[in-house]
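Undergrad: my_file_11.cif is reproduced below (mmCIF, C-alpha atoms).
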```cif
data_run
#
loop_
_atom_site.label_atom_id
_atom_site.label_comp_id
_atom_site.auth_asym_id
_atom_site.auth_seq_id
_atom_site.Cartn_x
_atom_site.Cartn_y
_atom_site.Cartn_z
CA MET F 1 83.35 -62.28 39.09
CA ALA F 2 86.59 -61.94 37.16
CA GLN F 3 85.46 -58.46 36.23
CA GLY F 4 84.90 -57.60 39.87
CA ILE F 5 88.44 -58.40 41.01
CA ASP F 6 90.35 -57.13 37.98
CA PRO F 7 92.60 -54.58 39.73
CA ILE F 8 93.21 -52.54 36.55
CA HIS F 9 89.56 -52.23 35.59
CA GLN F 10 89.02 -49.23 37.86
CA PHE F 11 91.37 -47.10 35.76
CA GLN F 12 89.56 -47.62 32.46
CA LEU F 13 88.26 -44.55 30.72
CA HIS F 14 84.85 -44.65 29.12
CA ASP F 15 82.82 -42.01 27.37
CA LEU F 16 79.88 -40.61 29.27
CA ALA F 17 78.86 -38.38 26.37
CA GLY F 18 80.10 -38.49 22.83
CA PRO F 19 82.16 -39.65 21.04
CA TRP F 20 82.87 -36.11 19.94
CA ASN F 21 85.71 -35.13 17.63
CA ILE F 22 87.30 -31.82 16.73
CA ALA F 23 89.83 -31.84 13.87
CA GLY F 24 90.60 -35.51 14.40
CA TYR F 25 91.12 -35.17 18.17
CA GLU F 26 88.72 -36.93 20.47
CA ILE F 27 87.22 -34.60 23.06
CA SER F 28 84.54 -36.88 24.48
CA PHE F 29 83.34 -36.29 28.01
CA THR F 30 84.84 -39.22 29.95
CA ASN F 31 84.53 -40.37 33.53
CA SER F 32 87.93 -38.76 34.13
CA ALA F 33 86.61 -35.40 32.94
CA LEU F 34 83.55 -35.84 35.14
CA PHE F 35 85.67 -36.38 38.24
CA MET F 36 87.95 -33.47 37.38
CA GLY F 37 84.83 -31.34 37.25
CA ILE F 38 83.62 -32.79 40.56
CA ALA F 39 87.01 -32.05 42.16
CA VAL F 40 86.92 -28.43 41.01
CA GLY F 41 83.30 -28.16 42.16
CA VAL F 42 84.09 -29.61 45.60
CA VAL F 43 87.03 -27.24 46.11
CA THR F 44 85.04 -24.21 44.98
CA LEU F 45 81.91 -24.99 46.96
CA THR F 46 83.79 -25.94 50.14
CA LEU F 47 85.85 -22.77 50.12
CA LEU F 48 82.84 -20.59 49.21
CA ALA F 49 80.83 -22.15 52.03
CA ALA F 50 83.77 -21.74 54.43
CA ALA F 51 84.12 -18.06 53.54
CA SER F 52 80.40 -17.24 53.39
CA ARG F 53 79.94 -16.50 57.09
CA ALA F 54 83.16 -14.82 58.13
CA ALA F 55 82.77 -15.07 61.89
CA LEU F 56 85.37 -13.70 64.29
CA VAL F 57 85.31 -17.03 66.10
CA PRO F 58 85.37 -19.52 63.23
CA GLY F 59 83.03 -22.48 63.13
CA ARG F 60 84.09 -25.92 61.98
CA LEU F 61 83.90 -25.32 58.24
CA GLN F 62 85.50 -21.91 58.47
CA SER F 63 88.35 -23.42 60.52
CA VAL F 64 88.96 -25.97 57.80
CA GLY F 65 89.06 -23.22 55.19
CA GLU F 66 91.43 -21.11 57.26
CA LEU F 67 93.76 -24.03 58.02
CA TRP F 68 93.77 -24.98 54.36
CA TYR F 69 94.60 -21.44 53.27
CA GLU F 70 97.23 -20.78 55.92
CA PHE F 71 98.96 -24.10 55.34
CA ILE F 72 99.71 -23.20 51.72
CA HIS F 73 100.28 -19.53 52.55
CA ASN F 74 102.99 -20.42 55.06
CA MET F 75 104.55 -22.89 52.66
CA VAL F 76 104.75 -20.29 49.87
CA ARG F 77 106.12 -17.64 52.23
CA ASN F 78 108.73 -19.96 53.74
CA VAL F 79 110.05 -21.27 50.45
CA LEU F 80 109.59 -18.34 48.09
CA GLY F 81 109.72 -15.36 50.45
CA ALA F 82 107.88 -12.11 49.82
CA GLU F 83 108.43 -12.31 46.08
CA GLY F 84 106.39 -15.48 45.95
CA LYS F 85 103.08 -13.73 46.69
CA PRO F 86 101.93 -13.68 43.04
CA PHE F 87 102.33 -17.44 42.85
CA PHE F 88 100.21 -18.24 45.89
CA PRO F 89 96.96 -18.67 43.89
CA LEU F 90 98.69 -21.07 41.52
CA VAL F 91 100.18 -23.23 44.28
CA PHE F 92 96.92 -23.17 46.21
CA SER F 93 94.94 -24.26 43.14
CA LEU F 94 97.38 -27.05 42.32
CA PHE F 95 97.41 -28.33 45.90
CA SER F 96 93.62 -28.18 46.24
CA PHE F 97 92.98 -29.89 42.93
CA VAL F 98 95.45 -32.70 43.55
CA LEU F 99 94.34 -33.19 47.16
CA VAL F 100 90.63 -33.33 46.38
CA ALA F 101 91.17 -35.52 43.31
CA ASN F 102 93.23 -37.94 45.44
CA LEU F 103 90.66 -37.99 48.23
CA LEU F 104 87.72 -38.43 45.83
CA GLY F 105 89.51 -41.49 44.49
CA MET F 106 89.23 -43.06 47.96
CA PHE F 107 85.45 -43.41 47.64
CA PRO F 108 84.39 -46.85 46.38
CA TYR F 109 83.38 -46.81 42.67
CA PHE F 110 84.87 -43.35 42.19
CA PHE F 111 87.45 -42.67 39.53
CA THR F 112 90.93 -41.47 40.56
CA VAL F 113 91.89 -38.63 38.22
CA THR F 114 95.50 -38.50 39.44
CA SER F 115 96.12 -42.18 38.65
CA HIS F 116 96.58 -41.27 34.98
CA VAL F 117 100.02 -40.09 33.93
CA VAL F 118 98.46 -37.78 31.33
CA VAL F 119 96.88 -35.65 34.06
CA THR F 120 99.83 -35.54 36.46
CA GLY F 121 102.33 -35.16 33.62
CA THR F 122 100.39 -32.21 32.21
CA LEU F 123 100.38 -30.49 35.60
CA ALA F 124 104.12 -31.14 36.01
CA VAL F 125 105.03 -29.92 32.51
CA PHE F 126 102.94 -26.82 33.13
CA VAL F 127 104.81 -26.10 36.38
CA VAL F 128 108.28 -26.53 34.87
CA GLY F 129 107.30 -24.56 31.76
CA LEU F 130 106.19 -21.76 34.06
CA VAL F 131 109.56 -21.92 35.85
CA VAL F 132 111.35 -21.39 32.53
CA VAL F 133 109.06 -18.50 31.53
CA VAL F 134 109.34 -16.77 34.92
CA GLY F 135 113.11 -17.26 34.97
CA ILE F 136 113.57 -15.70 31.53
CA VAL F 137 111.15 -12.84 32.25
CA LYS F 138 112.86 -12.07 35.57
CA HIS F 139 116.51 -12.49 34.64
CA GLY F 140 116.59 -12.41 30.85
CA LEU F 141 118.81 -14.84 29.02
CA GLY F 142 121.25 -14.71 31.94
CA TRP F 143 118.97 -17.19 33.64
CA PHE F 144 120.51 -19.92 31.48
CA LYS F 145 123.71 -19.47 33.50
CA LEU F 146 121.90 -21.79 35.90
CA PHE F 147 123.21 -24.59 33.74
CA VAL F 148 126.82 -23.33 33.65
CA PRO F 149 128.23 -23.40 37.18
CA HIS F 150 131.31 -21.32 37.95
CA GLY F 151 134.60 -22.73 39.12
CA VAL F 152 134.42 -25.86 36.99
CA PRO F 153 137.46 -26.75 34.84
CA MET F 154 136.85 -26.14 31.15
CA VAL F 155 137.55 -29.78 30.33
CA ILE F 156 134.51 -31.15 32.14
CA LEU F 157 132.29 -28.06 31.83
CA PRO F 158 130.32 -29.37 28.78
CA PHE F 159 129.53 -32.59 30.61
CA ILE F 160 128.54 -30.77 33.79
CA SER F 161 126.27 -28.43 31.82
CA LEU F 162 124.70 -31.36 30.01
CA ILE F 163 124.10 -33.13 33.33
CA GLU F 164 122.53 -29.96 34.74
CA VAL F 165 120.26 -29.69 31.69
CA ILE F 166 119.21 -33.34 31.97
CA SER F 167 118.68 -32.85 35.69
CA PHE F 168 116.41 -29.87 34.97
CA LEU F 169 114.50 -31.72 32.26
CA SER F 170 113.94 -34.67 34.56
CA ARG F 171 111.95 -32.49 36.97
CA PRO F 172 108.58 -32.72 35.22
CA VAL F 173 109.12 -36.45 34.79
CA SER F 174 109.83 -37.08 38.46
CA LEU F 175 107.10 -34.66 39.58
CA GLY F 176 104.45 -36.28 37.40
CA LEU F 177 105.61 -39.87 37.82
CA ARG F 178 105.69 -39.67 41.61
CA LEU F 179 102.08 -38.59 41.99
CA PHE F 180 100.87 -40.97 39.28
CA GLY F 181 102.88 -43.91 40.63
CA ASN F 182 101.73 -43.45 44.21
CA MET F 183 98.06 -43.26 43.32
CA LEU F 184 98.17 -46.10 40.78
CA ALA F 185 100.16 -48.49 42.99
CA GLY F 186 98.10 -47.72 46.08
CA HIS F 187 94.79 -48.36 44.37
CA ILE F 188 95.99 -51.57 42.72
CA VAL F 189 97.33 -52.97 46.00
CA LEU F 190 94.10 -52.05 47.77
CA LYS F 191 92.05 -53.76 45.08
CA VAL F 192 94.22 -56.90 45.14
CA PHE F 193 93.86 -57.34 48.91
CA ALA F 194 90.13 -56.68 48.75
CA GLY F 195 89.95 -59.23 45.95
CA PHE F 196 91.58 -61.84 48.23
CA VAL F 197 88.81 -61.29 50.75
CA VAL F 198 86.13 -61.93 48.12
CA LEU F 199 87.88 -64.99 46.69
CA LEU F 200 88.60 -66.62 50.07
CA GLY F 201 85.16 -65.74 51.38
CA SER F 202 83.52 -67.74 48.61
CA MET F 203 85.42 -70.89 49.61
CA GLY F 204 83.40 -71.85 52.66
CA LEU F 205 84.08 -71.61 56.39
CA GLY F 206 87.86 -72.14 56.24
CA GLY F 207 88.11 -69.45 53.59
CA ILE F 208 86.13 -66.98 55.67
CA VAL F 209 88.52 -67.49 58.60
CA GLY F 210 91.47 -67.13 56.23
CA ALA F 211 90.02 -63.94 54.80
CA ILE F 212 90.47 -62.11 58.11
CA ALA F 213 94.17 -61.40 57.42
CA PRO F 214 93.70 -59.73 54.00
CA LEU F 215 90.68 -57.85 55.37
CA GLY F 216 92.85 -56.38 58.13
CA MET F 217 95.48 -55.56 55.52
CA ALA F 218 92.90 -53.81 53.34
CA VAL F 219 91.73 -51.71 56.29
CA ALA F 220 95.33 -50.74 57.15
CA LEU F 221 96.07 -49.93 53.49
CA THR F 222 93.00 -47.71 53.31
CA ALA F 223 94.36 -45.65 56.18
CA LEU F 224 97.78 -45.53 54.49
CA GLU F 225 96.17 -44.43 51.23
CA PHE F 226 94.50 -41.47 52.95
CA LEU F 227 97.93 -40.46 54.26
CA VAL F 228 99.49 -40.88 50.81
CA ALA F 229 96.69 -38.86 49.20
CA PHE F 230 97.50 -35.92 51.44
CA LEU F 231 101.26 -36.40 51.38
CA GLN F 232 101.50 -36.49 47.59
CA ALA F 233 99.42 -33.33 47.23
CA PHE F 234 101.75 -31.69 49.76
CA VAL F 235 104.88 -32.91 47.97
CA PHE F 236 103.54 -31.70 44.64
CA ALA F 237 102.83 -28.25 46.06
CA ILE F 238 106.14 -27.87 47.89
CA LEU F 239 108.16 -29.01 44.89
CA THR F 240 106.29 -26.47 42.77
CA CYS F 241 107.48 -23.84 45.27
CA VAL F 242 111.05 -25.18 45.24
CA TYR F 243 111.22 -25.10 41.45
CA LEU F 244 109.71 -21.61 41.29
CA ASN F 245 112.34 -20.57 43.83
CA ASP F 246 115.00 -21.45 41.25
CA ALA F 247 113.39 -19.08 38.78
CA LEU F 248 112.83 -16.23 41.24
CA HIS F 249 116.06 -16.17 43.23
CA THR F 250 118.80 -16.82 40.73
CA HIS F 251 121.75 -14.69 41.84
CA HIS F 252 124.37 -13.76 39.31
CA MET U 1 123.97 -1.81 73.71
CA ALA U 2 127.06 0.36 73.73
CA LYS U 3 128.71 -1.30 70.82
CA PRO U 4 126.23 -0.50 68.04
CA SER U 5 125.95 3.18 69.05
CA ASP U 6 129.75 3.44 69.14
CA GLU U 7 129.92 1.94 65.72
CA GLN U 8 127.26 4.27 64.46
CA SER U 9 128.89 7.42 65.79
CA ALA U 10 132.27 6.34 64.50
CA GLU U 11 130.75 5.69 61.13
CA HIS U 12 128.83 8.94 60.86
CA VAL U 13 131.28 11.43 62.27
CA SER U 14 132.49 12.09 58.77
CA ARG U 15 128.90 12.64 57.57
CA PRO U 16 127.46 15.67 59.37
CA GLU U 17 124.06 15.48 57.60
CA LEU U 18 123.32 12.42 59.73
CA GLY U 19 123.87 14.29 62.96
CA ASP U 20 120.22 15.22 62.69
CA LEU U 21 118.25 12.85 64.92
CA SER U 22 115.43 12.03 62.51
CA ALA U 23 117.88 11.29 59.72
CA ARG U 24 119.81 8.99 62.02
CA LEU U 25 116.58 7.29 63.04
CA LYS U 26 115.66 6.76 59.41
CA ASP U 27 119.10 5.39 58.69
CA LEU U 28 118.83 3.00 61.62
CA SER U 29 115.39 1.73 60.68
CA GLY U 30 116.59 1.26 57.13
CA ARG U 31 119.51 -0.80 58.37
CA ILE U 32 117.25 -2.82 60.66
CA ALA U 33 114.95 -3.57 57.74
CA ALA U 34 117.92 -4.62 55.62
CA GLU U 35 119.18 -6.82 58.44
CA ARG U 36 115.75 -8.39 58.88
CA SER U 37 115.34 -9.24 55.21
CA GLU U 38 118.83 -10.67 55.24
CA GLN U 39 117.98 -12.81 58.25
CA ALA U 40 114.73 -13.94 56.63
CA GLU U 41 116.71 -14.85 53.54
CA SER U 42 119.21 -16.93 55.47
CA ALA U 43 116.62 -18.48 57.78
CA LYS U 44 114.76 -19.88 54.78
CA PRO U 45 114.70 -23.65 55.07
CA PRO U 46 116.47 -25.29 52.13
CA ALA U 47 113.24 -26.95 51.02
CA SER U 48 113.89 -30.26 52.64
CA LEU U 49 111.68 -33.22 53.35
CA GLU U 50 112.32 -33.13 57.09
CA GLY U 51 108.69 -33.50 58.08
CA ALA U 52 107.96 -36.27 55.62
CA SER U 53 107.84 -39.92 56.57
CA GLY U 54 110.55 -42.38 55.61
CA TYR U 55 108.26 -43.84 52.97
CA ALA U 56 107.79 -40.48 51.26
CA LYS U 57 111.52 -39.71 51.45
CA GLY U 58 112.48 -43.01 49.91
CA TYR U 59 109.92 -42.68 47.17
CA ARG U 60 111.09 -39.16 46.39
CA LEU U 61 114.74 -40.21 46.09
CA ALA U 62 113.89 -43.23 43.95
CA SER U 63 111.73 -41.21 41.58
CA GLU U 64 114.41 -38.53 41.23
CA PHE U 65 116.97 -41.13 40.21
CA VAL U 66 114.63 -42.94 37.81
CA ALA U 67 113.55 -39.68 36.21
CA GLY U 68 117.13 -38.52 35.58
CA THR U 69 118.11 -41.81 33.98
CA LEU U 70 114.90 -42.00 31.97
CA VAL U 71 115.24 -38.49 30.58
CA GLY U 72 118.91 -39.04 29.73
CA GLY U 73 118.08 -42.25 27.90
CA LEU U 74 115.17 -40.65 26.04
CA ILE U 75 117.30 -37.70 24.91
CA GLY U 76 119.98 -40.13 23.74
CA TYR U 77 117.43 -42.16 21.81
CA GLY U 78 116.07 -38.95 20.26
CA VAL U 79 119.56 -37.79 19.26
CA ASP U 80 120.21 -41.17 17.62
CA TRP U 81 116.90 -41.02 15.81
CA LEU U 82 117.57 -37.49 14.54
CA LEU U 83 121.26 -37.77 13.61
CA GLY U 84 121.52 -41.46 12.82
CA THR U 85 124.44 -42.03 15.23
CA LYS U 86 122.85 -45.29 16.25
CA PRO U 87 124.31 -46.56 19.53
CA PHE U 88 126.59 -43.71 20.66
CA GLY U 89 124.06 -41.02 21.56
CA LEU U 90 122.12 -43.49 23.70
CA ILE U 91 125.26 -44.78 25.44
CA ILE U 92 126.72 -41.36 26.24
CA LEU U 93 123.47 -39.69 27.25
CA LEU U 94 122.30 -42.65 29.30
CA LEU U 95 125.53 -42.42 31.29
CA LEU U 96 125.09 -38.66 31.69
CA GLY U 97 121.50 -39.40 32.68
CA PHE U 98 122.80 -41.63 35.46
CA GLY U 99 124.95 -38.70 36.57
CA ALA U 100 121.95 -36.39 36.51
CA GLY U 101 119.94 -38.93 38.49
CA ILE U 102 122.62 -39.13 41.16
CA LEU U 103 122.85 -35.32 41.23
CA ASN U 104 119.05 -35.07 41.57
CA MET U 105 119.11 -37.54 44.41
CA ALA U 106 121.96 -35.80 46.21
CA ARG U 107 120.12 -32.48 45.85
CA ALA U 108 116.87 -33.96 47.12
CA ALA U 109 118.79 -35.19 50.18
CA ASN U 110 120.38 -31.73 50.62
CA ARG U 111 123.91 -33.05 50.18
CA VAL U 112 124.72 -30.75 47.25
CA PRO U 113 123.73 -27.08 47.06
CA PRO U 114 121.37 -26.23 44.19
CA ALA U 115 122.95 -24.84 41.04
CA LYS U 116 121.82 -21.27 41.74
CA GLU U 117 123.91 -21.07 44.92
CA ARG U 118 127.05 -21.84 42.99
CA ILE U 119 126.43 -19.13 40.44
CA GLY U 120 128.42 -15.97 41.04
CA SER U 121 130.91 -17.53 43.41
CA ASN U 122 134.25 -18.53 41.96
CA GLN U 123 135.02 -20.73 44.92
CA PRO U 124 134.39 -24.44 44.80
CA PRO U 125 130.90 -25.47 45.93
CA LYS U 126 130.14 -24.97 49.58
CA GLY U 127 128.70 -28.46 49.91
CA GLY U 128 132.15 -29.95 49.47
CA SER U 129 133.32 -28.92 52.92
CA SER U 130 130.18 -30.00 54.74
CA ARG U 131 130.44 -33.59 53.60
#
```
Just give me the structure as structure tokens.

TA:
Amino acid sequence: MAQGIDPIHQFQLHDLAGPWNIAGYEISFTNSALFMGIAVGVVTLTLLAAASRAALVPGRLQSVGELWYEFIHNMVRNVLGAEGKPFFPLVFSLFSFVLVANLLGMFPYFFTVTSHVVVTGTLAVFVVGLVVVVGIVKHGLGWFKLFVPHGVPMVILPFISLIEVISFLSRPVSLGLRLFGNMLAGHIVLKVFAGFVVLLGSMGLGGIVGAIAPLGMAVALTALEFLVAFLQAFVFAILTCVYLNDALHTHH
Amino acid sequence: MAKPSDEQSAEHVSRPELGDLSARLKDLSGRIAAERSEQAESAKPPASLEGASGYAKGYRLASEFVAGTLVGGLIGYGVDWLLGTKPFGLIILLLLGFGAGILNMARAANRVPPAKERIGSNQPPKGGSSR
């Protein structure tokens, strides 16, 4: 019983195969790895199925695929402009992975990949690392002028530069923490309210009547969580575009 | 309609090679393309969160602030650990981290132009007048 309503239990990792080790690092196949694989498989199969019968008048599945593609395509074109074309596959992959991983987490008994800061932090660090690499490749070392704004008195320039550097370095943290925090908090709150229903329901007739309120809350939260799952994938993708925009369109 | 053609003729009187119609046409289409790309550049939305709900906006601003402070504090702690300047690195960089957090938040709310827009202009930041 206590196991059933432990709200943190759903985030525990356990090995499905292994334990395997390479050079002292554990590389066992966990439930997280399984659901990452499922997410990639779902994205790939859905899009392959959507694109398999390219009809002039799209059916339901093809419409979903086209909406999905055009949504990200418009986002990349609006934020990055024509130069952003090479980054469309990256943004599309990130968005699709995060979205499907979030939505898979909404199934009962499924594991939520994006509720672990290791996963979201790795994605965020990868994005910001890419911004640095693209910026230096495109603009050379002059890209670092991003941190030295013009028209600032020499006295406070070191502080301003330091603040700009800290502000830049905080991007992967905020990008990763936001996704992780939303998914973790949402799932815990959902589990806590569902746990109330179980606890009250086992207390007889009065408890069953009292359980109606948390049940309604759990239903409402489920709807909210679906919204958050989509919204956070969207925010992750658009912030990737905004950060890449810094690297591509630095004028100096 | 009359104004652009007047401008064009006035501009190209001194350049007889453009008297040729096809050359003038090419010049015009080139200028239209330049104008269009310029318009597209300026029409680009400044990556805001206009469409997002209040919940998402609030969460975004909060996480920007927390991240700036956190990173500042961590760098300060790291500097102390490396150089042995026990409390001072943490104090100074935590305060700068607060500054970075506020800057992040103001940028996320589109109150301050991003750093790249200030590069190359010797004037004070444009955002100052709009506030």

Undergrad: With only C-alpha atoms as the atoms that count, which of F:Gly176, F:Gly210, F:Gly151, F:Gly186 lies nearest to chain U?

TA: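 Using only C-alpha atoms, the shortest distance to chain U belongs to F:Gly151.
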
Undergrad: Only residues of chain F matter here; which ones have an atom within 9 Å of chain U, counting all atoms listed in the file? Give them as a ChimeraX atom specification.

TA: /F:78-81,145-152,159-160,162-175,177-178,182,228,231-232,235,238-239,241-242,246,249-252

Undergrad: Please list as a PDB file with C-alpha atoms, in the frame of the given file every residue within 8 Å of U:Gly76, counting all atoms listed in the file and excluding residues in the same chain fewer than 3 positions away.

TA:
```pdb
ATOM      1  CA  GLY U  72     118.910 -39.040  29.730  1.00  0.00           C
ATOM      2  CA  GLY U  73     118.080 -42.250  27.900  1.00  0.00           C
ATOM      3  CA  VAL U  79     119.560 -37.790  19.260  1.00  0.00           C
ATOM      4  CA  ASP U  80     120.210 -41.170  17.620  1.00  0.00           C
ATOM      5  CA  GLY U  89     124.060 -41.020  21.560  1.00  0.00           C
ATOM      6  CA  LEU U  90     122.120 -43.490  23.700  1.00  0.00           C
ATOM      7  CA  ILE U  91     125.260 -44.780  25.440  1.00  0.00           C
ATOM      8  CA  ILE U  92     126.720 -41.360  26.240  1.00  0.00           C
ATOM      9  CA  LEU U  93     123.470 -39.690  27.250  1.00  0.00           C
ATOM     10  CA  LEU U  94     122.300 -42.650  29.300  1.00  0.00           C
TER      11      LEU U  94
END
```

Undergrad: How many Å lie between atom CA of F:Ala229 and atom CA of F:Leu103, rounded to one decimal?

TA: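 So the answer is 6.2 Å.
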
Undergrad: Report, in Å with one decimal, the straight-line distance from atom CA of U:Lys86 to atom CA of F:Ser161.

TA: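 Atom CA of U:Lys86 sits 23.2 Å away from atom CA of F:Ser161.
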
Undergrad: Distance atom CA of F:Phe193-atom CA of F:Ala220, one decimal place?

TA: 10.7 Å

Undergrad: Would it be fine to have stretch 144-206 of chain F, with C-alpha atoms, given as an mmCIF file, in the first residue's frame?

TA:
```cif
data_model
loop_
_atom_site.group_PDB
_atom_site.id
_atom_site.type_symbol
_atom_site.label_atom_id
_atom_site.label_comp_id
_atom_site.auth_asym_id
_atom_site.auth_seq_id
_atom_site.Cartn_x
_atom_site.Cartn_y
_atom_site.Cartn_z
ATOM 1 C CA PHE F 144 33.121 36.695 -28.093
ATOM 2 C CA LYS F 145 32.353 40.412 -28.504
ATOM 3 C CA LEU F 146 28.852 39.260 -27.602
ATOM 4 C CA PHE F 147 30.000 39.511 -24.011
ATOM 5 C CA VAL F 148 31.535 43.001 -24.358
ATOM 6 C CA PRO F 149 28.765 45.466 -25.190
ATOM 7 C CA HIS F 150 29.713 48.824 -26.694
ATOM 8 C CA GLY F 151 28.994 52.155 -25.096
ATOM 9 C CA VAL F 152 29.592 50.982 -21.540
ATOM 10 C CA PRO F 153 31.937 53.045 -19.342
ATOM 11 C CA MET F 154 35.268 51.332 -18.761
ATOM 12 C CA VAL F 155 34.743 51.357 -15.001
ATOM 13 C CA ILE F 156 31.815 48.950 -15.025
ATOM 14 C CA LEU F 157 32.718 47.070 -18.227
ATOM 15 C CA PRO F 158 34.370 44.098 -16.409
ATOM 16 C CA PHE F 159 31.288 43.631 -14.265
ATOM 17 C CA ILE F 160 28.938 43.913 -17.236
ATOM 18 C CA SER F 161 30.996 41.372 -19.188
ATOM 19 C CA LEU F 162 31.030 39.011 -16.225
ATOM 20 C CA ILE F 163 27.253 39.356 -15.870
ATOM 21 C CA GLU F 164 26.832 38.657 -19.591
ATOM 22 C CA VAL F 165 29.034 35.555 -19.285
ATOM 23 C CA ILE F 166 27.081 34.295 -16.276
ATOM 24 C CA SER F 167 23.851 35.057 -18.110
ATOM 25 C CA PHE F 168 25.057 32.982 -21.080
ATOM 26 C CA LEU F 169 26.223 30.125 -18.870
ATOM 27 C CA SER F 170 22.885 30.046 -17.083
ATOM 28 C CA ARG F 171 21.091 29.185 -20.329
ATOM 29 C CA PRO F 172 21.663 25.421 -20.251
ATOM 30 C CA VAL F 173 20.714 25.409 -16.576
ATOM 31 C CA SER F 174 17.415 27.212 -17.103
ATOM 32 C CA LEU F 175 16.666 25.257 -20.292
ATOM 33 C CA GLY F 176 17.250 21.894 -18.637
ATOM 34 C CA LEU F 177 15.777 22.755 -15.240
ATOM 35 C CA ARG F 178 12.539 24.085 -16.708
ATOM 36 C CA LEU F 179 11.676 20.920 -18.601
ATOM 37 C CA PHE F 180 12.810 18.668 -15.768
ATOM 38 C CA GLY F 181 11.002 20.697 -13.104
ATOM 39 C CA ASN F 182 7.726 20.832 -14.998
ATOM 40 C CA MET F 183 7.613 17.113 -15.655
ATOM 41 C CA LEU F 184 8.763 16.098 -12.167
ATOM 42 C CA ALA F 185 6.405 18.451 -10.315
ATOM 43 C CA GLY F 186 3.440 17.595 -12.525
ATOM 44 C CA HIS F 187 3.820 13.862 -12.062
ATOM 45 C CA ILE F 188 4.330 14.135 -8.304
ATOM 46 C CA VAL F 189 1.252 16.320 -7.858
ATOM 47 C CA LEU F 190 -0.802 13.957 -10.006
ATOM 48 C CA LYS F 191 0.361 10.976 -7.956
ATOM 49 C CA VAL F 192 -0.351 12.725 -4.644
ATOM 50 C CA PHE F 193 -3.942 13.567 -5.608
ATOM 51 C CA ALA F 194 -4.530 10.080 -6.965
ATOM 52 C CA GLY F 195 -3.109 8.741 -3.708
ATOM 53 C CA PHE F 196 -5.713 10.758 -1.758
ATOM 54 C CA VAL F 197 -8.443 9.029 -3.722
ATOM 55 C CA VAL F 198 -7.090 5.581 -2.810
ATOM 56 C CA LEU F 199 -6.564 6.460 0.853
ATOM 57 C CA LEU F 200 -9.993 8.067 1.338
ATOM 58 C CA GLY F 201 -11.711 5.353 -0.657
ATOM 59 C CA SER F 202 -10.479 2.711 1.766
ATOM 60 C CA MET F 203 -12.097 4.506 4.716
ATOM 61 C CA GLY F 204 -15.694 3.504 4.112
ATOM 62 C CA LEU F 205 -18.710 5.379 2.767
ATOM 63 C CA GLY F 206 -17.791 8.835 4.113
#
```
